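A.B. asks: Below is the structure I would like to discuss, written out as structure tokens.
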Amino acid sequence: MNNIIIIAQTVWLEMLRKKDLYIVLILLAFMTVLLTTINSFGTEVPSSYILDIGLLMTFLLSITLTITLASRQFPTEIRSGTIFTILTKPIGRFEFLLGKWLGIWGGLVVANALFYLIVAGVTMTRGLVFGTSTLFQVYLLHNALLGIIAAMALFFTLFLSHGAGSTLTYISIALTYLYLPRIPQLLMHESGWREKCMLLIYYAAPHLELFDMRTRVLHNWGPLQPMIFAGTIAYGLLITTGFLTLAWLIFKKKRFQRGTLA
Amino acid sequence: MRFLQKNLPPTLVLFIWLAACATGARLLNDSTPIDGSQSASSIYLLGPARALISETLYERADLYFHKGAPHKKEVAFVGFFQKWKQAISPVEVQHAKDSEVLEIMPWLRLATAADPKNIEAYLVASYWLSHECNKPELAIGVLIEAAEKNPTRYEIQLEIGRMNLYLNDMEAAAAAFDESLLQQEKHPVADPEQAIIDRSLLLTFRSFLYELDDAAAGAIAMARLNLELYPERKSLRDRLEQLQTEPLNPVRASEQIAMVFKQTQRSIECHHDEHEHGEHEHDDPH
């Protein structure tokens, strides 16, 4: 466990050293404050549009940050040769992989908390009353989503380069988020083998849209039922474990040679 | 070739952006109103992207009006994951009421900022501001802004006229209706079928307003033009005959204006409630 924490700490240090997080934080704060300047035809009412656009930006920026951070982990270690030093120390490959994931996810959980504080804070200054417990659930499910994405990016970059791995992660997320939920509608016009293939994809692929419950807080629908919430978190844990297992199966057999890229 | 190899990602992004613009232009070209105020090149380069963003923001306003419940769509099956998602995100159709309606205003504001040619967003904003929110002074401001940015669209002057009827300013209403009629004649319209219906409404209002003002010649001229649009309508024939044979009756004209206003009001309310989704049930036959 100590080894996992040590590896995670190196990721946290990297997060603090690199400028990505600060840029995202400044960008989010600037854009959220900018939203308060919108004059809605002279109407002065607390509005959830700031929370809506702010949370949308938080989702997009945190996903981008996760992919950027996760997809460079292995390729950078291999390119710089530090992976040889680390793996010769008494650190197992499983510990190394899990440490990396924990570092990325843990760092993003904290960063995400800052994002939510900015958005919620700016929204509250405009007088909007929203369910804080619902927002907390949104935050937790959002974190579960980031955990999946981090595991996915780590998995892809174990057999692809940095660029290809991150691109494939972006494409996978876009497809699972935008295309997958529309399959029941698209199936209205399909039949035969296409229908079967689409059904297979629908049930086999991870449903990332389940981790987005912003609608509930934006329209004051109240918190999610505990059983459904716990079930969604468990589903997220299952997908994350699945990707980490796949990553470990590749990683434990992977042979590294000095001077080669991932 | 080396330059292309080195700059492949930005080149690809530029190419995709140009392709998207061209596709958007192609898709929107048929529905873009030709009002003579834009050059063809500006429609192709900026119009599609702005119109698409504006439409997305307008749809967001619609979503807020329905308190987050999306429009129902036909699906081949309702599976496990859909039920799960429905438990997480609401699907029951509800409508915002009273001050809740104000929640849609920022989205409409953003829609008009993204594309000032999106007059539907202006008209919807002015409607809800004047009626549900009881802020007619703000509604008039919205319409004035819309008219400044779309000086050739007759629909805005029609709505300004209706708004003035609502505020009981008959003189301003008459001026706006005259302007609207003039714009219809001077500039091409986006929807010719709707333009004829609107022209009939304009002529009806204008005829009654002339009668209210004790101006027989104007009332008759407007009623005659209205009959030319729909020669088969008995009510329009009767109206013209009445104006030609009987003395003017300003009290009756005032009642008729109120009645036509209410009728058109109801049709607008139904339009706003039903637009683009058929899940609402109405007892009302229209």
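Residue numbers start at 1 in each chain; chains themselves are named A, B, ... in the order of the structure tokens; ligands are numbered from 1 in the order shown.
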Mind running chain A against chain B at 9 Å and telling me each contacting residue's nearest atom pair with the distance in Å (one decimal), counting only C-alpha atoms, chain and number ascending, as JSON lines?

C.D. replies:
{"residue": "A:Ile38", "atom": "CA", "partner": "B:Pro106", "partner_atom": "CA", "distance": 7.3}
{"residue": "A:Asn39", "atom": "CA", "partner": "B:Pro106", "partner_atom": "CA", "distance": 7.5}
{"residue": "A:Ser40", "atom": "CA", "partner": "B:Pro106", "partner_atom": "CA", "distance": 4.8}
{"residue": "A:Phe41", "atom": "CA", "partner": "B:Val142", "partner_atom": "CA", "distance": 6.6}
{"residue": "A:Gly42", "atom": "CA", "partner": "B:Leu138", "partner_atom": "CA", "distance": 6.7}
{"residue": "A:Thr43", "atom": "CA", "partner": "B:Leu102", "partner_atom": "CA", "distance": 7.4}
{"residue": "A:Glu44", "atom": "CA", "partner": "B:Leu102", "partner_atom": "CA", "distance": 8.9}
{"residue": "A:Val45", "atom": "CA", "partner": "B:Leu102", "partner_atom": "CA", "distance": 7.2}
{"residue": "A:Pro46", "atom": "CA", "partner": "B:Glu103", "partner_atom": "CA", "distance": 8.1}
{"residue": "A:Ser47", "atom": "CA", "partner": "B:Glu103", "partner_atom": "CA", "distance": 5.7}
{"residue": "A:Ser48", "atom": "CA", "partner": "B:Glu103", "partner_atom": "CA", "distance": 7.1}
{"residue": "A:Tyr49", "atom": "CA", "partner": "B:Pro106", "partner_atom": "CA", "distance": 6.9}
{"residue": "A:Pro181", "atom": "CA", "partner": "B:Gln82", "partner_atom": "CA", "distance": 7.7}
{"residue": "A:Arg182", "atom": "CA", "partner": "B:Val75", "partner_atom": "CA", "distance": 8.8}
{"residue": "A:Ile183", "atom": "CA", "partner": "B:Val75", "partner_atom": "CA", "distance": 8.5}
{"residue": "A:Pro184", "atom": "CA", "partner": "B:Val75", "partner_atom": "CA", "distance": 5.1}
{"residue": "A:Gln185", "atom": "CA", "partner": "B:Val75", "partner_atom": "CA", "distance": 4.3}
{"residue": "A:Leu186", "atom": "CA", "partner": "B:Val75", "partner_atom": "CA", "distance": 7.6}
{"residue": "A:Leu187", "atom": "CA", "partner": "B:Ala76", "partner_atom": "CA", "distance": 5.7}
{"residue": "A:Met188", "atom": "CA", "partner": "B:Ala76", "partner_atom": "CA", "distance": 4.9}
{"residue": "A:His189", "atom": "CA", "partner": "B:Ala76", "partner_atom": "CA", "distance": 8.6}
{"residue": "A:Tyr202", "atom": "CA", "partner": "B:Phe81", "partner_atom": "CA", "distance": 8.8}
{"residue": "A:Tyr203", "atom": "CA", "partner": "B:Phe81", "partner_atom": "CA", "distance": 8.2}
{"residue": "A:His207", "atom": "CA", "partner": "B:Phe81", "partner_atom": "CA", "distance": 7.7}
{"residue": "A:Glu209", "atom": "CA", "partner": "B:Lys85", "partner_atom": "CA", "distance": 7.7}
{"residue": "A:Leu210", "atom": "CA", "partner": "B:Lys85", "partner_atom": "CA", "distance": 5.8}
{"residue": "A:Phe211", "atom": "CA", "partner": "B:Ile88", "partner_atom": "CA", "distance": 8.9}
{"residue": "A:Asp212", "atom": "CA", "partner": "B:Ile88", "partner_atom": "CA", "distance": 8.5}
{"residue": "A:Met213", "atom": "CA", "partner": "B:Ile88", "partner_atom": "CA", "distance": 6.2}
{"residue": "A:Arg214", "atom": "CA", "partner": "B:Ser89", "partner_atom": "CA", "distance": 8.2}
{"residue": "A:Thr215", "atom": "CA", "partner": "B:Ser89", "partner_atom": "CA", "distance": 6.1}
{"residue": "A:Arg216", "atom": "CA", "partner": "B:Ser89", "partner_atom": "CA", "distance": 6.2}
{"residue": "A:Leu218", "atom": "CA", "partner": "B:Gly68", "partner_atom": "CA", "distance": 7.9}
{"residue": "A:His219", "atom": "CA", "partner": "B:Lys67", "partner_atom": "CA", "distance": 5.8}
{"residue": "A:Asn220", "atom": "CA", "partner": "B:Lys67", "partner_atom": "CA", "distance": 8.7}
{"residue": "A:Trp221", "atom": "CA", "partner": "B:Pro90", "partner_atom": "CA", "distance": 7.5}
{"residue": "A:Leu224", "atom": "CA", "partner": "B:Ile88", "partner_atom": "CA", "distance": 6.5}
{"residue": "A:Gln225", "atom": "CA", "partner": "B:Ala87", "partner_atom": "CA", "distance": 8.6}
{"residue": "A:Ile228", "atom": "CA", "partner": "B:Ala87", "partner_atom": "CA", "distance": 7.6}
{"residue": "A:Phe229", "atom": "CA", "partner": "B:Ile88", "partner_atom": "CA", "distance": 8.3}
{"residue": "A:Thr232", "atom": "CA", "partner": "B:Trp84", "partner_atom": "CA", "distance": 8.9}

A.B. asks: Can you spit out the residues from that selection as a PDB file, in the first residue's frame, using C-alpha atoms?

C.D. replies:
ATOM      1  CA  ILE A  38     -25.146  38.631 -19.090  1.00  0.00           C
ATOM      2  CA  ASN A  39     -28.090  41.024 -19.130  1.00  0.00           C
ATOM      3  CA  SER A  40     -31.188  38.846 -19.577  1.00  0.00           C
ATOM      4  CA  PHE A  41     -33.359  41.507 -21.243  1.00  0.00           C
ATOM      5  CA  GLY A  42     -33.344  43.565 -18.052  1.00  0.00           C
ATOM      6  CA  THR A  43     -34.703  40.786 -15.836  1.00  0.00           C
ATOM      7  CA  GLU A  44     -32.882  40.557 -12.530  1.00  0.00           C
ATOM      8  CA  VAL A  45     -33.619  37.105 -11.155  1.00  0.00           C
ATOM      9  CA  PRO A  46     -31.427  34.383  -9.717  1.00  0.00           C
ATOM     10  CA  SER A  47     -30.900  31.999 -12.553  1.00  0.00           C
ATOM     11  CA  SER A  48     -29.526  28.524 -12.846  1.00  0.00           C
ATOM     12  CA  TYR A  49     -27.892  29.279 -16.214  1.00  0.00           C
ATOM     13  CA  PRO A 181     -27.838   6.579 -25.434  1.00  0.00           C
ATOM     14  CA  ARG A 182     -29.308   7.190 -28.906  1.00  0.00           C
ATOM     15  CA  ILE A 183     -29.132   3.564 -30.020  1.00  0.00           C
ATOM     16  CA  PRO A 184     -32.776   2.828 -28.968  1.00  0.00           C
ATOM     17  CA  GLN A 185     -33.876   5.669 -31.281  1.00  0.00           C
ATOM     18  CA  LEU A 186     -31.565   4.643 -34.120  1.00  0.00           C
ATOM     19  CA  LEU A 187     -32.808   1.054 -33.931  1.00  0.00           C
ATOM     20  CA  MET A 188     -36.213   2.274 -35.132  1.00  0.00           C
ATOM     21  CA  HIS A 189     -34.721   2.323 -38.629  1.00  0.00           C
ATOM     22  CA  TYR A 202     -25.625  -0.914 -26.405  1.00  0.00           C
ATOM     23  CA  TYR A 203     -25.432  -3.542 -23.688  1.00  0.00           C
ATOM     24  CA  HIS A 207     -22.863   3.904 -20.258  1.00  0.00           C
ATOM     25  CA  GLU A 209     -24.219   9.168 -19.468  1.00  0.00           C
ATOM     26  CA  LEU A 210     -25.385   7.588 -16.202  1.00  0.00           C
ATOM     27  CA  PHE A 211     -22.730   9.572 -14.325  1.00  0.00           C
ATOM     28  CA  ASP A 212     -24.162  12.912 -15.381  1.00  0.00           C
ATOM     29  CA  MET A 213     -27.053  13.939 -13.121  1.00  0.00           C
ATOM     30  CA  ARG A 214     -26.686  17.718 -13.535  1.00  0.00           C
ATOM     31  CA  THR A 215     -30.348  17.963 -14.572  1.00  0.00           C
ATOM     32  CA  ARG A 216     -31.459  17.094 -11.055  1.00  0.00           C
ATOM     33  CA  LEU A 218     -30.390  22.464 -12.272  1.00  0.00           C
ATOM     34  CA  HIS A 219     -34.136  21.920 -12.147  1.00  0.00           C
ATOM     35  CA  ASN A 220     -34.436  21.254  -8.421  1.00  0.00           C
ATOM     36  CA  TRP A 221     -35.513  17.642  -8.717  1.00  0.00           C
ATOM     37  CA  LEU A 224     -31.128  10.758  -6.203  1.00  0.00           C
ATOM     38  CA  GLN A 225     -32.584   7.780  -4.344  1.00  0.00           C
ATOM     39  CA  ILE A 228     -29.898   4.173  -7.433  1.00  0.00           C
ATOM     40  CA  PHE A 229     -26.997   6.396  -6.417  1.00  0.00           C
ATOM     41  CA  THR A 232     -24.416   3.930 -10.172  1.00  0.00           C
TER      42      THR A 232
END

A.B. asks: With a distance cut-off of 10 Å and only C-alpha atoms, select the neighbouring residues of A:Ile5, excluding the residue or stretch itself and same-chain residues fewer than 4 positions from it, and output the selection as a ChimeraX atom specification.

C.D. replies: /A:1,9-11,95-96,98-100,102-103

A.B. asks: How about saving the chosen residues, C-alpha atoms kept, as a compact mmCIF listing (two decimals), in the first residue's frame?

C.D. replies:
# COMPACT_ATOMS: atom_id res chain seq x y z
CA MET A 1 0.00 0.00 0.00
CA GLN A 9 2.45 11.21 -4.68
CA THR A 10 4.73 11.52 -7.72
CA VAL A 11 1.64 12.13 -9.85
CA GLU A 95 1.27 -1.37 -7.49
CA PHE A 96 2.79 0.92 -10.10
CA LEU A 98 -2.69 1.34 -9.26
CA GLY A 99 -0.48 4.11 -7.86
CA LYS A 100 -0.63 5.94 -11.15
CA LEU A 102 -4.85 6.65 -7.69
CA GLY A 103 -2.55 9.64 -8.19

A.B. asks: Which parts of stretch 39-281 of chain B does DSSP call helix (DSSP H, G or I) when run on the backbone here, written out as number ranges by chain?

C.D. replies: B: 40-45, 47-65, 80-88, 98-114, 119-130, 136-149, 154-166, 170-186, 192-212, 216-229, 234-245, 250-274

A.B. asks: Set the distance at 7 Å and use only C-alpha atoms: which residues neighbour stretch 52-68 of chain A once local chain neighbours fewer than 5 positions away are removed? I'd like the list as a VMD selection string.

C.D. replies: chain A and resid 24 32 112 115 119 146 149 to 150 153 166 218

A.B. asks: With N, CA and C atoms retained, could you export that selection as a short mmCIF file (atom, residue, chain, number, x, y, z; two decimals), in the first residue's frame?

C.D. replies:
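Saved to again_30.cif:
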data_model
loop_
_atom_site.label_atom_id
_atom_site.label_comp_id
_atom_site.auth_asym_id
_atom_site.auth_seq_id
_atom_site.Cartn_x
_atom_site.Cartn_y
_atom_site.Cartn_z
N VAL A 24 -6.55 25.68 -16.15
CA VAL A 24 -7.96 25.28 -16.15
C VAL A 24 -8.73 26.03 -15.06
N THR A 32 -16.78 31.68 -15.63
CA THR A 32 -17.95 31.67 -14.74
C THR A 32 -18.30 33.09 -14.32
N ASN A 112 -11.34 18.87 -8.84
CA ASN A 112 -12.77 18.96 -9.15
C ASN A 112 -13.53 19.68 -8.03
N PHE A 115 -13.14 23.23 -8.64
CA PHE A 115 -14.00 23.66 -9.76
C PHE A 115 -15.43 23.88 -9.26
N VAL A 119 -17.77 27.36 -9.19
CA VAL A 119 -19.06 27.46 -9.89
C VAL A 119 -20.20 27.69 -8.88
N LEU A 146 -14.62 10.41 -13.79
CA LEU A 146 -13.20 10.72 -14.02
C LEU A 146 -12.31 9.50 -13.72
N ILE A 149 -12.47 7.34 -16.77
CA ILE A 149 -11.71 7.93 -17.89
C ILE A 149 -10.20 7.78 -17.66
N ALA A 150 -9.78 7.98 -16.42
CA ALA A 150 -8.35 7.83 -16.11
C ALA A 150 -7.91 6.39 -16.38
N ALA A 153 -7.76 5.79 -20.18
CA ALA A 153 -6.59 6.43 -20.82
C ALA A 153 -5.31 5.66 -20.48
N SER A 166 -4.58 9.25 -26.21
CA SER A 166 -5.51 10.29 -25.76
C SER A 166 -6.62 10.51 -26.78
N LEU A 218 -30.03 21.26 -11.51
CA LEU A 218 -30.39 22.46 -12.27
C LEU A 218 -31.88 22.77 -12.20
#

A.B. asks: Residues near A:Arg72, anyone? I mean within 9 Å using only C-alpha atoms, not counting same-chain ones fewer than 6 positions away, as a PyMOL selection string.

C.D. replies: chain A and resi 153-154+157+161-163+165-166

A.B. asks: Let me see the file: selected residues, C-alpha atoms, as a CSV table (one decimal), in the first residue's frame.

C.D. replies:
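part-v6.csv, written as the output of this step:
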chain,number,residue,atom,x,y,z
A,153,ALA,CA,-6.6,6.4,-20.8
A,154,LEU,CA,-4.0,4.4,-18.9
A,157,THR,CA,-1.5,4.3,-23.6
A,161,SER,CA,1.5,6.3,-28.1
A,162,HIS,CA,0.6,9.4,-26.0
A,163,GLY,CA,-1.2,11.1,-28.9
A,165,GLY,CA,-4.0,6.9,-26.7
A,166,SER,CA,-5.5,10.3,-25.8

A.B. asks: Just the residues within 8 Å of B:Ile220, please, counting only C-alpha atoms, with nothing from its chain fewer than 4 positions along; format it as a list in words.

C.D. replies: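 These residues fall inside the cut-off: Ser207, Ala216, Arg224, Leu240, Leu243 and Gln244 of chain B.
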
A.B. asks: Could you state the separation of atom CA of B:Ala195 and atom CA of B:Met259 in Å, given to one decimal place?

C.D. replies: 21.3 Å

A.B. asks: Figure out the distance between atom CA of B:Leu143 and atom CA of B:Leu209, please, to one decimal in Å.

C.D. replies: 21.4 Å

A.B. asks: Can you tell me, as a ChimeraX atom specification, what residues are no more than 12 Å from stretch 159-172 of chain B when counting only C-alpha atoms, ignoring any on the same chain fewer than 5 positions away?

C.D. replies: /B:119-120,122-131,134-147,153-154,177-181,198,201-202,205-206,208-213,253-254,257-262,264-265,268

A.B. asks: Could those residues be written to a file, using C-alpha atoms, as a CSV table (one decimal), in the first residue's frame?

C.D. replies:
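What landed in part_16.csv:
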chain,number,residue,atom,x,y,z
B,119,ILE,CA,-36.3,36.5,-34.4
B,120,GLU,CA,-38.2,33.5,-32.9
B,122,TYR,CA,-36.9,37.6,-29.5
B,123,LEU,CA,-40.6,37.0,-30.0
B,124,VAL,CA,-40.7,34.2,-27.4
B,125,ALA,CA,-38.8,36.4,-24.9
B,126,SER,CA,-41.2,39.4,-25.5
B,127,TYR,CA,-44.3,37.1,-25.2
B,128,TRP,CA,-43.3,35.6,-21.8
B,129,LEU,CA,-42.0,38.9,-20.5
B,130,SER,CA,-45.3,40.7,-21.2
B,131,HIS,CA,-47.7,38.0,-20.2
B,134,ASN,CA,-46.1,40.9,-16.4
B,135,LYS,CA,-43.2,43.1,-17.6
B,136,PRO,CA,-44.6,44.7,-20.8
B,137,GLU,CA,-42.1,47.6,-20.7
B,138,LEU,CA,-39.2,45.0,-20.9
B,139,ALA,CA,-41.0,43.2,-23.7
B,140,ILE,CA,-41.3,46.3,-25.8
B,141,GLY,CA,-37.5,46.9,-25.2
B,142,VAL,CA,-36.8,43.4,-26.5
B,143,LEU,CA,-38.9,44.0,-29.6
B,144,ILE,CA,-37.3,47.4,-30.3
B,145,GLU,CA,-33.9,45.7,-30.1
B,146,ALA,CA,-35.1,42.9,-32.5
B,147,ALA,CA,-36.4,45.6,-34.9
B,153,ARG,CA,-38.7,41.5,-40.8
B,154,TYR,CA,-42.4,42.3,-40.7
B,177,PHE,CA,-49.1,47.5,-38.2
B,178,ASP,CA,-48.6,50.0,-41.1
B,179,GLU,CA,-44.9,49.5,-40.9
B,180,SER,CA,-45.4,45.7,-40.9
B,181,LEU,CA,-47.6,45.9,-43.9
B,198,ASP,CA,-50.2,37.4,-40.9
B,201,LEU,CA,-54.4,39.6,-39.4
B,202,LEU,CA,-52.7,42.9,-39.9
B,205,PHE,CA,-56.5,44.9,-36.9
B,206,ARG,CA,-55.8,47.9,-39.1
B,208,PHE,CA,-60.8,48.0,-36.9
B,209,LEU,CA,-58.3,50.6,-35.8
B,210,TYR,CA,-59.4,52.9,-38.6
B,211,GLU,CA,-63.0,52.3,-37.6
B,212,LEU,CA,-62.1,53.1,-34.0
B,213,ASP,CA,-60.5,56.3,-35.4
B,253,ALA,CA,-64.6,48.0,-33.3
B,254,SER,CA,-62.9,48.2,-29.9
B,257,ILE,CA,-60.1,44.2,-31.6
B,258,ALA,CA,-60.1,42.7,-28.1
B,259,MET,CA,-61.7,39.6,-29.5
B,260,VAL,CA,-59.3,39.1,-32.3
B,261,PHE,CA,-56.4,39.9,-29.9
B,262,LYS,CA,-57.6,37.2,-27.5
B,264,THR,CA,-54.5,35.2,-31.7
B,265,GLN,CA,-53.3,35.2,-28.1
B,268,ILE,CA,-49.7,31.8,-29.7
